[in-house]
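Asks: Here it is, the structure in full.
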Amino acid sequence: MTKYLLFHSFSFKNNLIADPFYNLSLVSYKELIFNISKKIEPNQYTISFDDGYESIKPAIKYASELGFRTAAYIVTSKINQKGFLSENDILDLKLKGTIIGSHTHSHKNLTKLNTSELRYEFKKSKDIL
C-alpha cells in the first residue's frame with residue numbers, strides 16, 4: 001500500500017504565488033515533516049505536491065534529504081508561468097528522483113466537463129509531460 005502526505009504550496013520571503021487554501025510556511029512544513037520522520041519510516045511514504053508551484057522545490061529537496069520519496073503533480077498549462085515550475089525545473093526534479101505526474105492541463109472542475117473535455121484535459125497534460 002502506498003502512503004502519501006499531500007501539500008500544495010509554501011510561503012516564504014518574496015513568494016507572491018501560493019495556494020490561498022493550502023498554503024503553509026516553509027519553516028512550518030520543515031518542522032512538521034522532520035517530526036513526522038522521527039515517528040515513521042520516511043522511505044515508506046511519498047510526499048506529493050499538487051499543481052506545480054515553484055515554491056515546492058526547496059520542500060522537495062528537504063523531504064528527499066529526510067528519506068521521503070517525492071511526487072509532483074503538474075497543472076501543465078501553468079508550466080513556465082510566474083510562480084510555477086519551469087520545464088527545466090520539472091526535468092531537474094525528475095532527474096533527482098521525484099515522480100512527475102499530471103494534474104490535468106488547466107485544473108478545471110472535472111465533474112463539470114463532458115467526455116470530450118475530460119479526454120482533452122488528460123491527453124493534453126500527458127502529451128506535455
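Order determines the names: the first chain of the C-alpha cells is A, the second B, and so forth; residues in each chain are numbered 1 upward, and ligands are numbered 1 upward as they are shown.
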Out of range 43-112 of chain A, which residues get alpha helix (DSSP H) from DSSP, as a PyMOL selection string?
Replies: chain A and resi 56-65+87-95
Asks: I need the chosen residues saved as a compact mmCIF listing (two decimals), in the first residue's frame, with N, CA and C atoms.
Replies:
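Heads up, here's the output in again01.txt:
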# COMPACT_ATOMS: atom_id res chain seq x y z
N ILE A 56 7.60 24.61 -4.28
CA ILE A 56 7.80 23.23 -3.81
C ILE A 56 9.24 22.76 -3.95
N LYS A 57 10.07 23.47 -4.71
CA LYS A 57 11.44 23.00 -4.94
C LYS A 57 12.23 22.79 -3.65
N PRO A 58 12.30 23.78 -2.74
CA PRO A 58 13.05 23.52 -1.50
C PRO A 58 12.35 22.50 -0.60
N ALA A 59 11.03 22.41 -0.69
CA ALA A 59 10.29 21.43 0.10
C ALA A 59 10.61 20.01 -0.36
N ILE A 60 10.70 19.81 -1.66
CA ILE A 60 11.06 18.50 -2.20
C ILE A 60 12.49 18.14 -1.81
N LYS A 61 13.38 19.09 -1.91
CA LYS A 61 14.78 18.85 -1.54
C LYS A 61 14.88 18.40 -0.08
N TYR A 62 14.19 19.11 0.80
CA TYR A 62 14.25 18.78 2.22
C TYR A 62 13.63 17.40 2.49
N ALA A 63 12.50 17.11 1.89
CA ALA A 63 11.84 15.81 2.07
C ALA A 63 12.77 14.68 1.62
N SER A 64 13.44 14.88 0.50
CA SER A 64 14.36 13.87 -0.01
C SER A 64 15.53 13.66 0.95
N GLU A 65 16.03 14.75 1.51
CA GLU A 65 17.14 14.65 2.47
C GLU A 65 16.75 13.84 3.70
N GLU A 87 9.92 24.20 -17.33
CA GLU A 87 10.26 22.91 -17.94
C GLU A 87 11.57 22.39 -17.35
N ASN A 88 12.55 23.26 -17.19
CA ASN A 88 13.85 22.85 -16.62
C ASN A 88 13.71 22.39 -15.18
N ASP A 89 12.87 23.08 -14.39
CA ASP A 89 12.64 22.66 -13.01
C ASP A 89 12.07 21.24 -12.97
N ILE A 90 11.10 20.98 -13.82
CA ILE A 90 10.44 19.68 -13.84
C ILE A 90 11.44 18.59 -14.24
N LEU A 91 12.24 18.86 -15.24
CA LEU A 91 13.26 17.90 -15.66
C LEU A 91 14.26 17.65 -14.54
N ASP A 92 14.70 18.71 -13.88
CA ASP A 92 15.65 18.58 -12.77
C ASP A 92 15.06 17.73 -11.64
N LEU A 93 13.81 17.99 -11.29
CA LEU A 93 13.16 17.20 -10.24
C LEU A 93 13.09 15.73 -10.63
N LYS A 94 12.71 15.48 -11.87
CA LYS A 94 12.62 14.09 -12.35
C LYS A 94 13.98 13.40 -12.29
N LEU A 95 15.02 14.09 -12.74
CA LEU A 95 16.36 13.51 -12.73
C LEU A 95 16.86 13.23 -11.31
Asks: Counting only C-alpha atoms, figure out which residue out of A:Lys112, A:Thr76, A:Lys96, A:Lys3 gets nearest to Lys126 in chain A.
Replies: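 The answer is A:Thr76, which sits nearest to Lys126 in chain A.
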Asks: Please report, as a ChimeraX atom specification, each residue of range 22-126 of chain A to which DSSP assigns strand (DSSP E or B) when run on this structure's backbone.
Replies: /A:24-25,45-51,53,69-74,84,99-102
Asks: With N, CA and C atoms retained, export the selected residues as a tab-separated table (two decimals), in the first residue's frame.
Replies:
chain	number	residue	atom	x	y	z
A	24	LEU	N	1.25	26.90	3.40
A	24	LEU	CA	1.92	26.62	4.65
A	24	LEU	C	3.29	27.27	4.58
A	25	SER	N	3.78	27.79	5.68
A	25	SER	CA	5.12	28.37	5.62
A	25	SER	C	6.12	27.23	5.45
A	45	TYR	N	6.96	6.34	2.72
A	45	TYR	CA	5.98	7.38	2.42
A	45	TYR	C	6.43	8.22	1.23
A	46	THR	N	5.45	8.68	0.47
A	46	THR	CA	5.70	9.64	-0.61
A	46	THR	C	5.02	10.94	-0.23
A	47	ILE	N	5.78	12.02	-0.29
A	47	ILE	CA	5.19	13.34	-0.10
A	47	ILE	C	4.90	13.89	-1.49
A	48	SER	N	3.63	14.18	-1.73
A	48	SER	CA	3.25	14.67	-3.05
A	48	SER	C	2.86	16.14	-2.97
A	49	PHE	N	3.04	16.80	-4.11
A	49	PHE	CA	2.81	18.24	-4.22
A	49	PHE	C	1.94	18.48	-5.44
A	50	ASP	N	0.78	19.08	-5.23
A	50	ASP	CA	-0.16	19.33	-6.32
A	50	ASP	C	0.06	20.70	-6.95
A	51	ASP	N	-0.23	20.77	-8.22
A	51	ASP	CA	-0.35	21.98	-9.02
A	51	ASP	C	0.94	22.46	-9.67
A	53	TYR	N	3.52	24.48	-8.13
A	53	TYR	CA	4.04	25.77	-7.67
A	53	TYR	C	5.56	25.72	-7.55
A	69	ARG	N	10.18	9.68	-0.28
A	69	ARG	CA	10.01	9.74	-1.73
A	69	ARG	C	9.18	10.97	-2.03
A	70	THR	N	9.29	11.51	-3.23
A	70	THR	CA	8.53	12.71	-3.57
A	70	THR	C	7.85	12.56	-4.93
A	71	ALA	N	6.74	13.25	-5.08
A	71	ALA	CA	6.00	13.27	-6.35
A	71	ALA	C	5.43	14.66	-6.55
A	72	ALA	N	5.45	15.13	-7.78
A	72	ALA	CA	4.88	16.43	-8.13
A	72	ALA	C	3.86	16.22	-9.24
A	73	TYR	N	2.64	16.66	-9.01
A	73	TYR	CA	1.57	16.53	-9.98
A	73	TYR	C	1.31	17.92	-10.56
A	74	ILE	N	1.58	18.06	-11.84
A	74	ILE	CA	1.70	19.35	-12.50
A	74	ILE	C	0.44	19.72	-13.29
A	84	PHE	N	5.26	29.28	-10.95
A	84	PHE	CA	5.10	27.86	-11.20
A	84	PHE	C	6.41	27.28	-11.74
A	99	ILE	N	8.86	11.73	-8.71
A	99	ILE	CA	7.87	11.26	-9.67
A	99	ILE	C	7.15	12.49	-10.22
A	100	ILE	N	7.01	12.57	-11.53
A	100	ILE	CA	6.29	13.67	-12.16
A	100	ILE	C	5.01	13.11	-12.77
A	101	GLY	N	3.89	13.67	-12.37
A	101	GLY	CA	2.60	13.21	-12.88
A	101	GLY	C	1.72	14.36	-13.29
A	102	SER	N	0.63	14.01	-13.92
A	102	SER	CA	-0.32	15.00	-14.44
A	102	SER	C	-1.36	15.36	-13.38
Asks: Taking into account only C-alpha atoms, which residue in the set A:Ile79, A:Leu85, A:Thr98, A:Ser37 is nearest to Gly67 in chain A?
Replies: A:Ser37
Asks: Which distance in Å separates CA of Leu129 in chain A and CA of Ser77 in chain A, to one decimal?
Replies: 10.8 Å
Asks: Under the rule that only C-alpha atoms are counted, which of A:Ile40, A:Val75, A:Leu26, A:Ile33 is the nearest residue to Ser55 in chain A?
Replies: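 With only C-alpha atoms as the atom set, the closest residue is A:Leu26.
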Asks: Find the spatial neighbours of Lys124 in chain A, counting only C-alpha atoms, within a cut-off of 8 Å - ignore same-chain residues fewer than 3 positions away - and output them as number ranges by chain.
Replies: A: 104-105, 120-121, 127-128
Asks: Restricted to N, CA, C and O atoms, what would the selected residues look like written as a tab-separated table (two decimals), in the first residue's frame?
Replies:
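Output (result04.tsv):
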chain	number	residue	atom	x	y	z
A	104	THR	N	-3.92	17.35	-14.61
A	104	THR	CA	-4.70	17.86	-15.74
A	104	THR	C	-3.98	19.02	-16.41
A	104	THR	O	-2.93	19.47	-15.95
A	105	HIS	N	-4.57	19.50	-17.50
A	105	HIS	CA	-3.94	20.59	-18.23
A	105	HIS	C	-4.29	21.95	-17.62
A	105	HIS	O	-3.42	22.78	-17.40
A	120	TYR	N	-9.56	15.68	-23.38
A	120	TYR	CA	-8.61	16.74	-23.72
A	120	TYR	C	-7.73	17.07	-22.52
A	120	TYR	O	-6.50	17.16	-22.65
A	121	GLU	N	-8.33	17.28	-21.34
A	121	GLU	CA	-7.56	17.63	-20.14
A	121	GLU	C	-6.49	16.58	-19.84
A	121	GLU	O	-5.35	16.91	-19.55
A	127	ASP	N	0.58	14.55	-22.90
A	127	ASP	CA	1.42	14.88	-24.07
A	127	ASP	C	2.52	15.88	-23.70
A	127	ASP	O	3.65	15.76	-24.13
A	128	ILE	N	2.17	16.86	-22.89
A	128	ILE	CA	3.15	17.89	-22.50
A	128	ILE	C	4.22	17.29	-21.59
A	128	ILE	O	5.41	17.57	-21.75
Asks: Out of A:Thr2, A:Phe34, A:Glu54, A:His8, which residue has the shortest atom-to-atom distance to His103 in chain A when counting only C-alpha atoms?
Replies: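 Among A:Thr2, A:Phe34, A:Glu54, A:His8, it is A:His8 that comes nearest to His103 in chain A.
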Asks: Hey, can you check how far CA of Ser28 in chain A sits from CA of Phe10 in chain A?
Replies: 9.3 Å
Asks: For Gln81 in chain A, which residue out of A:Leu66, A:Gly52, A:Thr111, A:Gly97 is the nearest one, using only C-alpha atoms?
Replies: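 Ranking A:Leu66, A:Gly52, A:Thr111, A:Gly97 by distance to Gln81 in chain A, first place goes to A:Gly52.
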